[in-house]
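A.B. asks: Just so it is clear, I am handing over upload.txt, which has compact mmCIF, C-alpha atoms and all ligand atoms.
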```
# COMPACT_ATOMS: atom_id res chain seq x y z
CA MET I 1 4.98 -2.75 -18.54
CA THR I 2 6.06 -3.62 -15.04
CA LEU I 3 6.85 -0.67 -12.77
CA LEU I 4 7.37 -2.36 -9.41
CA LYS I 5 8.35 -5.96 -8.75
CA LEU I 6 8.89 -7.59 -5.37
CA LYS I 7 10.65 -10.93 -5.34
CA ASN I 8 10.85 -13.11 -2.23
CA VAL I 9 10.89 -10.09 0.09
CA ILE I 10 11.33 -10.86 3.77
CA LYS I 11 11.62 -8.60 6.78
CA SER I 12 11.83 -9.07 10.53
CA TYR I 13 12.04 -6.53 13.32
CA SER I 14 14.70 -6.79 16.01
CA ASN I 15 12.09 -8.12 18.46
CA GLY I 16 11.96 -11.26 16.30
CA VAL I 17 8.60 -10.58 14.61
CA ASN I 18 8.68 -11.89 11.00
CA VAL I 19 6.59 -9.16 9.45
CA LEU I 20 7.01 -9.87 5.74
CA LYS I 21 7.21 -13.52 4.68
CA ASP I 22 8.23 -14.15 1.08
CA ILE I 23 6.30 -11.33 -0.62
CA ASN I 24 6.03 -11.57 -4.43
CA PHE I 25 4.04 -9.30 -6.73
CA SER I 26 4.24 -6.97 -9.72
CA LEU I 27 2.55 -3.64 -10.32
CA GLU I 28 2.02 -2.64 -13.93
CA LYS I 29 2.42 0.96 -15.09
CA LYS I 30 -0.71 3.15 -14.89
CA GLN I 31 -2.52 0.62 -12.71
CA CYS I 32 -3.74 0.61 -9.16
CA LEU I 33 -2.78 -2.45 -7.13
CA GLY I 34 -4.79 -2.73 -3.92
CA LEU I 35 -3.45 -4.37 -0.78
CA VAL I 36 -5.96 -5.21 1.90
CA GLY I 37 -5.50 -6.83 5.28
CA GLU I 38 -6.37 -6.41 8.91
CA SER I 39 -4.47 -4.30 11.41
CA GLY I 40 -0.98 -5.58 12.19
CA CYS I 41 -0.64 -7.89 9.15
CA GLY I 42 2.34 -5.91 7.81
CA LYS I 43 0.83 -3.48 5.29
CA SER I 44 2.62 -0.34 6.50
CA THR I 45 5.89 -2.21 6.84
CA LEU I 46 5.56 -3.26 3.21
CA ALA I 47 4.79 0.36 2.26
CA ARG I 48 7.88 1.62 4.09
CA CYS I 49 10.08 -1.01 2.41
CA VAL I 50 8.75 -0.10 -1.06
CA LEU I 51 9.30 3.60 -0.28
CA GLN I 52 12.88 2.81 0.78
CA LEU I 53 12.23 4.14 4.28
CA ASP I 54 13.04 0.75 5.80
CA ASN I 55 15.46 -2.03 4.78
CA ILE I 56 14.47 -5.52 3.81
CA ASP I 57 16.30 -8.62 5.12
CA GLY I 58 16.10 -10.62 1.90
CA GLY I 59 14.71 -10.64 -1.62
CA GLU I 60 14.54 -7.89 -4.17
CA ILE I 61 12.58 -4.68 -4.82
CA GLN I 62 12.79 -3.67 -8.47
CA PHE I 63 11.52 -0.25 -9.48
CA ASN I 64 11.60 0.76 -13.14
CA GLY I 65 13.89 -2.24 -13.73
CA VAL I 66 16.43 -1.19 -11.06
CA SER I 67 17.04 -3.19 -7.86
CA LEU I 68 16.76 -0.64 -5.06
CA GLN I 69 17.63 -2.60 -1.94
CA ASP I 70 21.41 -2.29 -2.24
CA LEU I 71 21.58 1.35 -3.33
CA ASN I 72 22.98 4.01 -1.01
CA GLU I 73 21.14 7.29 -0.38
CA ARG I 74 22.97 9.15 -3.16
CA GLU I 75 22.12 6.39 -5.67
CA LEU I 76 18.51 6.32 -4.46
CA LYS I 77 17.96 10.07 -4.87
CA PRO I 78 16.97 10.00 -8.58
CA HIS I 79 14.40 7.28 -7.79
CA ARG I 80 12.89 9.12 -4.82
CA LYS I 81 11.21 11.73 -6.97
CA ASN I 82 9.37 8.92 -8.75
CA LEU I 83 8.36 7.24 -5.52
CA GLN I 84 5.89 9.32 -3.51
CA ALA I 85 3.52 8.62 -0.65
CA VAL I 86 0.20 9.74 0.76
CA LEU I 87 -0.18 8.49 4.31
CA GLN I 88 -2.99 8.06 6.80
CA ASN I 89 -2.62 11.23 8.80
CA PRO I 90 -2.22 14.39 6.70
CA SER I 91 -1.37 16.47 9.78
CA SER I 92 1.83 14.53 10.34
CA SER I 93 2.78 14.75 6.63
CA LEU I 94 2.65 18.57 6.54
CA ASN I 95 5.08 20.87 8.32
CA PRO I 96 2.87 22.91 10.70
CA LYS I 97 5.23 25.90 10.44
CA LEU I 98 4.97 26.19 6.66
CA LYS I 99 2.17 27.80 4.71
CA ILE I 100 0.48 25.43 2.28
CA ARG I 101 2.19 27.12 -0.69
CA GLU I 102 5.61 26.56 0.92
CA SER I 103 4.84 22.87 1.48
CA LEU I 104 3.65 22.53 -2.10
CA ILE I 105 6.72 24.09 -3.64
CA ASP I 106 9.18 22.18 -1.44
CA PRO I 107 9.46 18.96 -3.56
CA TYR I 108 10.07 21.05 -6.67
CA LEU I 109 12.85 22.97 -4.91
CA GLN I 110 14.45 19.66 -3.86
CA PHE I 111 14.06 17.70 -7.09
CA GLY I 112 12.74 20.10 -9.70
CA ASN I 113 15.86 20.14 -11.80
CA GLN I 114 15.49 16.36 -12.27
CA ALA I 115 11.78 16.47 -12.95
CA CYS I 116 10.65 16.23 -16.51
CA LEU I 117 7.10 17.51 -16.11
CA LYS I 118 4.55 16.85 -18.83
CA HIS I 119 1.34 18.03 -17.20
CA PHE I 120 2.33 20.81 -14.80
CA HIS I 121 4.47 23.69 -16.00
CA TYR I 122 6.88 25.59 -13.84
CA THR I 123 7.13 29.25 -14.75
CA ASN I 124 7.20 30.64 -11.21
CA GLU I 125 6.28 29.45 -7.71
CA GLU I 126 2.87 31.10 -7.62
CA ALA I 127 1.70 29.73 -10.97
CA PHE I 128 2.97 26.24 -10.05
CA VAL I 129 1.07 26.26 -6.73
CA THR I 130 -2.08 27.46 -8.52
CA GLN I 131 -1.90 24.50 -10.92
CA LEU I 132 -1.49 22.06 -8.03
CA MET I 133 -4.36 23.53 -6.02
CA GLU I 134 -6.55 23.31 -9.12
CA ALA I 135 -5.58 19.68 -9.73
CA VAL I 136 -6.81 18.69 -6.26
CA GLU I 137 -9.86 20.96 -6.49
CA LEU I 138 -8.92 23.35 -3.69
CA PRO I 139 -9.48 27.15 -3.79
CA ASP I 140 -6.23 28.98 -4.45
CA ALA I 141 -6.77 31.22 -1.42
CA LEU I 142 -6.12 28.28 0.93
CA ALA I 143 -2.48 28.23 -0.20
CA ASP I 144 -1.76 31.16 2.12
CA ARG I 145 -3.03 29.32 5.19
CA TYR I 146 -1.20 27.06 7.64
CA PRO I 147 -2.15 23.37 7.92
CA HIS I 148 -4.06 23.86 11.20
CA GLU I 149 -6.38 26.28 9.35
CA LEU I 150 -7.59 23.51 6.98
CA SER I 151 -10.03 20.63 7.47
CA GLY I 152 -8.76 17.03 7.44
CA GLY I 153 -10.06 16.47 3.90
CA GLN I 154 -8.47 19.71 2.67
CA LYS I 155 -5.15 18.75 4.30
CA GLN I 156 -5.24 15.36 2.61
CA ARG I 157 -5.83 17.10 -0.74
CA VAL I 158 -2.71 19.17 -0.06
CA THR I 159 -0.62 16.05 0.64
CA ILE I 160 -1.96 14.58 -2.61
CA ALA I 161 -0.99 17.79 -4.44
CA ARG I 162 2.53 17.50 -3.00
CA ALA I 163 2.74 13.85 -4.00
CA ILE I 164 1.72 14.52 -7.61
CA SER I 165 3.76 17.72 -8.00
CA LEU I 166 6.73 15.98 -9.60
CA GLU I 167 4.55 13.61 -11.63
CA PRO I 168 6.00 10.48 -9.99
CA SER I 169 5.53 7.05 -11.56
CA LEU I 170 4.34 5.49 -8.29
CA ILE I 171 2.37 6.78 -5.32
CA VAL I 172 2.03 4.55 -2.28
CA LEU I 173 -1.32 5.35 -0.69
CA ASP I 174 -1.26 3.98 2.86
CA GLU I 175 -4.76 4.27 4.35
CA PRO I 176 -5.17 7.71 2.72
CA THR I 177 -8.79 8.15 3.80
CA SER I 178 -9.02 6.42 7.15
CA SER I 179 -8.78 9.65 9.18
CA LEU I 180 -11.66 11.23 7.20
CA ASP I 181 -15.45 11.16 7.41
CA VAL I 182 -17.37 9.00 4.92
CA LEU I 183 -18.20 11.84 2.48
CA SER I 184 -14.61 13.12 2.39
CA GLN I 185 -13.40 9.53 1.93
CA ALA I 186 -15.52 9.08 -1.17
CA SER I 187 -14.47 12.39 -2.70
CA ILE I 188 -10.76 11.72 -2.06
CA LEU I 189 -11.01 8.26 -3.68
CA LYS I 190 -12.74 9.82 -6.69
CA LEU I 191 -10.08 12.52 -6.92
CA LEU I 192 -7.28 9.92 -6.74
CA THR I 193 -8.85 7.83 -9.49
CA GLY I 194 -9.19 10.89 -11.75
CA LEU I 195 -5.58 11.94 -11.13
CA ARG I 196 -4.25 8.48 -11.87
CA GLU I 197 -5.90 8.51 -15.27
CA GLU I 198 -4.99 12.13 -16.04
CA LEU I 199 -1.34 11.95 -14.97
CA ASP I 200 -0.62 8.29 -15.90
CA LEU I 201 0.20 7.48 -12.28
CA SER I 202 0.42 4.05 -10.69
CA TYR I 203 -0.78 3.39 -7.16
CA LEU I 204 -0.07 0.84 -4.50
CA PHE I 205 -3.23 1.41 -2.48
CA ILE I 206 -3.11 0.02 1.03
CA SER I 207 -6.19 -0.22 3.18
CA HIS I 208 -7.99 -2.39 5.72
CA ASP I 209 -11.17 -1.58 3.76
CA LEU I 210 -11.78 -4.04 0.91
CA SER I 211 -14.71 -1.99 -0.33
CA ALA I 212 -12.46 1.07 -0.90
CA VAL I 213 -9.75 -1.09 -2.48
CA ASN I 214 -12.36 -2.64 -4.76
CA THR I 215 -13.48 0.75 -6.10
CA MET I 216 -9.94 1.88 -6.91
CA SER I 217 -7.90 -1.13 -8.03
CA GLN I 218 -7.47 -3.24 -11.13
CA GLN I 219 -5.58 -5.89 -9.15
CA ILE I 220 -6.18 -6.79 -5.50
CA MET I 221 -3.95 -8.62 -3.01
CA VAL I 222 -5.03 -9.88 0.38
CA MET I 223 -2.44 -10.00 3.14
CA ARG I 224 -2.58 -11.99 6.33
CA ASP I 225 0.14 -12.39 8.98
CA GLY I 226 2.84 -11.11 6.66
CA SER I 227 1.94 -13.25 3.63
CA ILE I 228 -0.04 -12.52 0.47
CA VAL I 229 -2.79 -15.13 0.70
CA ASP I 230 -4.88 -14.13 -2.33
CA HIS I 231 -4.21 -12.08 -5.48
CA PHE I 232 -6.79 -11.50 -8.22
CA SER I 233 -8.14 -9.12 -10.84
CA GLN I 234 -10.88 -6.83 -9.56
CA GLU I 235 -13.49 -8.41 -11.85
CA ASN I 236 -12.89 -11.75 -10.12
CA ILE I 237 -13.54 -10.50 -6.60
CA PHE I 238 -16.77 -12.47 -6.23
CA SER I 239 -15.42 -15.62 -7.89
CA GLU I 240 -15.85 -18.91 -6.05
CA GLN I 241 -12.08 -19.33 -6.27
CA ARG I 242 -11.45 -16.63 -3.67
CA ASN I 243 -9.97 -18.06 -0.53
CA ASP I 244 -11.94 -18.26 2.71
CA TYR I 245 -10.23 -15.28 4.28
CA THR I 246 -11.02 -13.06 1.26
CA LYS I 247 -14.64 -14.25 1.40
CA GLU I 248 -14.73 -13.26 5.06
CA LEU I 249 -13.54 -9.75 4.18
CA ILE I 250 -16.10 -9.54 1.34
CA SER I 251 -18.91 -10.51 3.72
CA LEU I 252 -18.06 -7.39 5.78
CA PHE I 253 -19.00 -5.02 2.98
CA GLU I 254 -21.86 -6.82 1.28
N1 LIG I 301 9.46 -0.64 14.31
C1 LIG I 301 8.92 -1.78 14.72
N2 LIG I 301 9.56 -2.60 15.58
C2 LIG I 301 9.03 -3.77 15.97
N3 LIG I 301 7.84 -4.26 15.53
C3 LIG I 301 7.16 -3.50 14.66
C4 LIG I 301 7.65 -2.22 14.20
N4 LIG I 301 6.74 -1.69 13.34
C5 LIG I 301 5.73 -2.59 13.26
N5 LIG I 301 5.97 -3.66 14.06
C6 LIG I 301 5.12 -4.86 14.18
O1 LIG I 301 5.03 -5.43 12.89
C7 LIG I 301 3.71 -5.92 12.65
C8 LIG I 301 3.14 -5.27 11.39
O2 LIG I 301 2.97 -3.86 11.59
P1 LIG I 301 2.45 -2.90 10.43
O3 LIG I 301 2.41 -1.52 10.98
O4 LIG I 301 3.24 -3.13 9.23
O5 LIG I 301 0.97 -3.48 10.22
P2 LIG I 301 -0.28 -2.86 9.44
O6 LIG I 301 -0.91 -3.98 8.71
O7 LIG I 301 0.13 -1.67 8.68
O8 LIG I 301 -1.21 -2.41 10.66
P3 LIG I 301 -2.22 -1.15 10.76
O9 LIG I 301 -3.28 -1.37 9.72
O10 LIG I 301 -2.75 -1.25 12.17
O11 LIG I 301 -1.40 0.09 10.53
C9 LIG I 301 2.92 -5.62 13.92
O12 LIG I 301 2.93 -6.81 14.72
C10 LIG I 301 3.70 -4.53 14.58
O13 LIG I 301 3.54 -4.56 15.99
```
What is this structure when it is put down as structure tokens?
C.D. replies:
Amino acid sequence: MTLLKLKNVIKSYSNGVNVLKDINFSLEKKQCLGLVGESGCGKSTLARCVLQLDNIDGGEIQFNGVSLQDLNERELKPHRKNLQAVLQNPSSSLNPKLKIRESLIDPYLQFGNQACLKHFHYTNEEAFVTQLMEAVELPDALADRYPHELSGGQKQRVTIARAISLEPSLIVLDEPTSSLDVLSQASILKLLTGLREELDLSYLFISHDLSAVNTMSQQIMVMRDGSIVDHFSQENIFSEQRNDYTKELISLFE
């Protein structure tokens, strides 16, 4: 079943840059759709538009069968709990003044009454935080620390725990590992794959790194200058039919 569908999406910035040019794709439930492209091609803009943090200038963004682009903030609220993000820099995603446990409980306090949780169970704040820390394989004791007392990889695990806490249908992963060292990158990608299967999540996984996208995604799209120039199933990545730009990206990781 289709979870997210973009139809003829266009977006320009006020400086006249046409960042998104007629974007069309669908993301099926419980799948990971990878989006790869070089710096400046429009990936983060697309992420912000899908997350309803930025408006589009034309086209349609359907999420769970509902067109989101014309909804006001009050109408969007029930969809926001199902639409979460893990971004590049975990330090800027976490409030430095809040202990980890306070950051982890915050989404539940905002949206909990609308959440229909199947995997996590809310009995009290402490037990809920313990379940989340366990899910992202972090020691419970770290929940009483502040973000600056954690490593980059640990902080990213916390932002993942926050993102999964309401069991959303979609998580937009925008370069989730690019601020981490190679070992932490691999373990975060493994963790994300496990969580997707365990919690029936869907991911839009955005990266400049085709190798990372290839390990995570069932479907892969290649973006260049604001357009999707190639779109294929992961098993067809090495097919002769790939376009020249995709082949160029492949040659970088072979
Ligand atoms: N708020 C803005 N106002 C004007 N132009 C912008 C704005 N945000 C991004 N741009 C421009 O839009 C284009 C796409 O930017 P975007 O951040 O979406 O690219 P990206 O593929 O995510 O790049 P990176 O991988 O470096 O983050 C760039 O030319 C950028 O300079």
A.B. asks: Ligand LIG 301 (chain I), all listed atoms, 8 Å padding on each side: what axis-aligned box centre and edge lengths in Å to one decimal come out, as AutoDock Vina command-line options?
C.D. replies:
```
--center_x 3.1 --center_y -3.4 --center_z 12.3 --size_x 28.8 --size_y 22.9 --size_z 23.3
```
A.B. asks: Find the spatial neighbours of Gln69 (chain I), counting only C-alpha atoms, within a cut-off of 8 Å - ignore same-chain residues fewer than 4 positions away - and output them as number ranges by chain.
C.D. replies: I: 52, 55-56, 60-61
A.B. asks: Using only C-alpha atoms and all ligand atoms, find each residue with an atom at most 9 Å away from ligand LIG 301 (chain I) and format the answer as JSON, numbers by chain.
C.D. replies: {"I": [12, 13, 14, 15, 16, 17, 18, 19, 20, 36, 37, 38, 39, 40, 41, 42, 43, 44, 45, 46, 47, 48, 88, 174, 175, 206, 207, 208, 223, 224, 225, 226]}
A.B. asks: Go through I:Gln110, I:Gln131, I:Gln218, I:Ser103 one by one, measure the shortest atom-to-atom distance of each to Arg80 (chain I) using all atoms listed in the file, and give the residue with the smallest value.
C.D. replies: I:Gln110
A.B. asks: Figure out the distance between CA of Ser151 (chain I) and CA of Glu126 (chain I), please, to one decimal in Å.
C.D. replies: 22.4 Å
A.B. asks: Residues near Leu195 (chain I), anyone? I mean within 9 Å using all atoms listed in the file, not counting same-chain ones fewer than 4 positions away, as an MDAnalysis selection string.
C.D. replies: chainID I and resid 135:136 164 190:191 199:201
A.B. asks: Residues near Val222 (chain I), anyone? I mean within 9 Å using all atoms listed in the file, not counting same-chain ones fewer than 2 positions away, as JSON, numbers by chain.
C.D. replies: {"I": [34, 35, 36, 37, 210, 220, 224, 227, 228, 229, 230, 231, 232, 245, 246]}
A.B. asks: Can you write just those residues out, C-alpha atoms, as a JSON list (two decimals), in the coordinates of the input?
C.D. replies:
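Below you can see again.json, which holds the result:
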```json
[["chain", "number", "residue", "atom", "x", "y", "z"],
["I", 34, "GLY", "CA", -4.79, -2.73, -3.92],
["I", 35, "LEU", "CA", -3.45, -4.37, -0.78],
["I", 36, "VAL", "CA", -5.96, -5.21, 1.90],
["I", 37, "GLY", "CA", -5.50, -6.83, 5.28],
["I", 210, "LEU", "CA", -11.78, -4.04, 0.91],
["I", 220, "ILE", "CA", -6.18, -6.79, -5.50],
["I", 224, "ARG", "CA", -2.58, -11.99, 6.33],
["I", 227, "SER", "CA", 1.94, -13.25, 3.63],
["I", 228, "ILE", "CA", -0.04, -12.52, 0.47],
["I", 229, "VAL", "CA", -2.79, -15.13, 0.70],
["I", 230, "ASP", "CA", -4.88, -14.13, -2.33],
["I", 231, "HIS", "CA", -4.21, -12.08, -5.48],
["I", 232, "PHE", "CA", -6.79, -11.50, -8.22],
["I", 245, "TYR", "CA", -10.23, -15.28, 4.28],
["I", 246, "THR", "CA", -11.02, -13.06, 1.26]]
```
A.B. asks: When you look at Leu132 (chain I) with a cut-off of 8 Å (counting all atoms listed in the file), what residues show up, excluding the ones that are within fewer than 3 positions of it in the same chain? I need them as a ChimeraX atom specification.
C.D. replies: /I:104,120,128-129,135-136,161-162,165
A.B. asks: Some atoms are missing, so please complete region 70-82 of chain I with N, CA and C atoms and return it as a PDB file, in the coordinates of the input.
C.D. replies:
```
ATOM      1  N   ASP I  70      19.985  -2.438  -2.566  1.00  0.00           N
ATOM      2  CA  ASP I  70      21.410  -2.290  -2.240  1.00  0.00           C
ATOM      3  C   ASP I  70      21.959  -0.905  -2.553  1.00  0.00           C
ATOM      4  N   LEU I  71      21.084   0.013  -2.964  1.00  0.00           N
ATOM      5  CA  LEU I  71      21.580   1.350  -3.330  1.00  0.00           C
ATOM      6  C   LEU I  71      21.797   2.205  -2.081  1.00  0.00           C
ATOM      7  N   ASN I  72      22.809   3.064  -2.124  1.00  0.00           N
ATOM      8  CA  ASN I  72      22.980   4.010  -1.010  1.00  0.00           C
ATOM      9  C   ASN I  72      22.107   5.242  -1.267  1.00  0.00           C
ATOM     10  N   GLU I  73      22.076   6.158  -0.300  1.00  0.00           N
ATOM     11  CA  GLU I  73      21.140   7.290  -0.380  1.00  0.00           C
ATOM     12  C   GLU I  73      21.394   8.139  -1.632  1.00  0.00           C
ATOM     13  N   ARG I  74      22.659   8.325  -1.979  1.00  0.00           N
ATOM     14  CA  ARG I  74      22.970   9.150  -3.160  1.00  0.00           C
ATOM     15  C   ARG I  74      22.435   8.466  -4.434  1.00  0.00           C
ATOM     16  N   GLU I  75      22.595   7.130  -4.492  1.00  0.00           N
ATOM     17  CA  GLU I  75      22.120   6.390  -5.670  1.00  0.00           C
ATOM     18  C   GLU I  75      20.590   6.317  -5.711  1.00  0.00           C
ATOM     19  N   LEU I  76      19.986   6.380  -4.514  1.00  0.00           N
ATOM     20  CA  LEU I  76      18.510   6.320  -4.460  1.00  0.00           C
ATOM     21  C   LEU I  76      17.849   7.629  -4.875  1.00  0.00           C
ATOM     22  N   LYS I  77      18.582   8.736  -4.709  1.00  0.00           N
ATOM     23  CA  LYS I  77      17.960  10.070  -4.870  1.00  0.00           C
ATOM     24  C   LYS I  77      17.186  10.221  -6.193  1.00  0.00           C
ATOM     25  N   PRO I  78      17.748   9.818  -7.342  1.00  0.00           N
ATOM     26  CA  PRO I  78      16.970  10.000  -8.580  1.00  0.00           C
ATOM     27  C   PRO I  78      15.676   9.183  -8.598  1.00  0.00           C
ATOM     28  N   HIS I  79      15.628   8.097  -7.807  1.00  0.00           N
ATOM     29  CA  HIS I  79      14.400   7.280  -7.790  1.00  0.00           C
ATOM     30  C   HIS I  79      13.363   7.862  -6.839  1.00  0.00           C
ATOM     31  N   ARG I  80      13.826   8.616  -5.845  1.00  0.00           N
ATOM     32  CA  ARG I  80      12.890   9.120  -4.820  1.00  0.00           C
ATOM     33  C   ARG I  80      11.837  10.044  -5.401  1.00  0.00           C
ATOM     34  N   LYS I  81      12.206  10.821  -6.413  1.00  0.00           N
ATOM     35  CA  LYS I  81      11.210  11.730  -6.970  1.00  0.00           C
ATOM     36  C   LYS I  81      10.079  10.968  -7.669  1.00  0.00           C
ATOM     37  N   ASN I  82      10.365   9.758  -8.076  1.00  0.00           N
ATOM     38  CA  ASN I  82       9.370   8.920  -8.750  1.00  0.00           C
ATOM     39  C   ASN I  82       8.565   8.040  -7.807  1.00  0.00           C
TER      40      ASN I  82
END
```
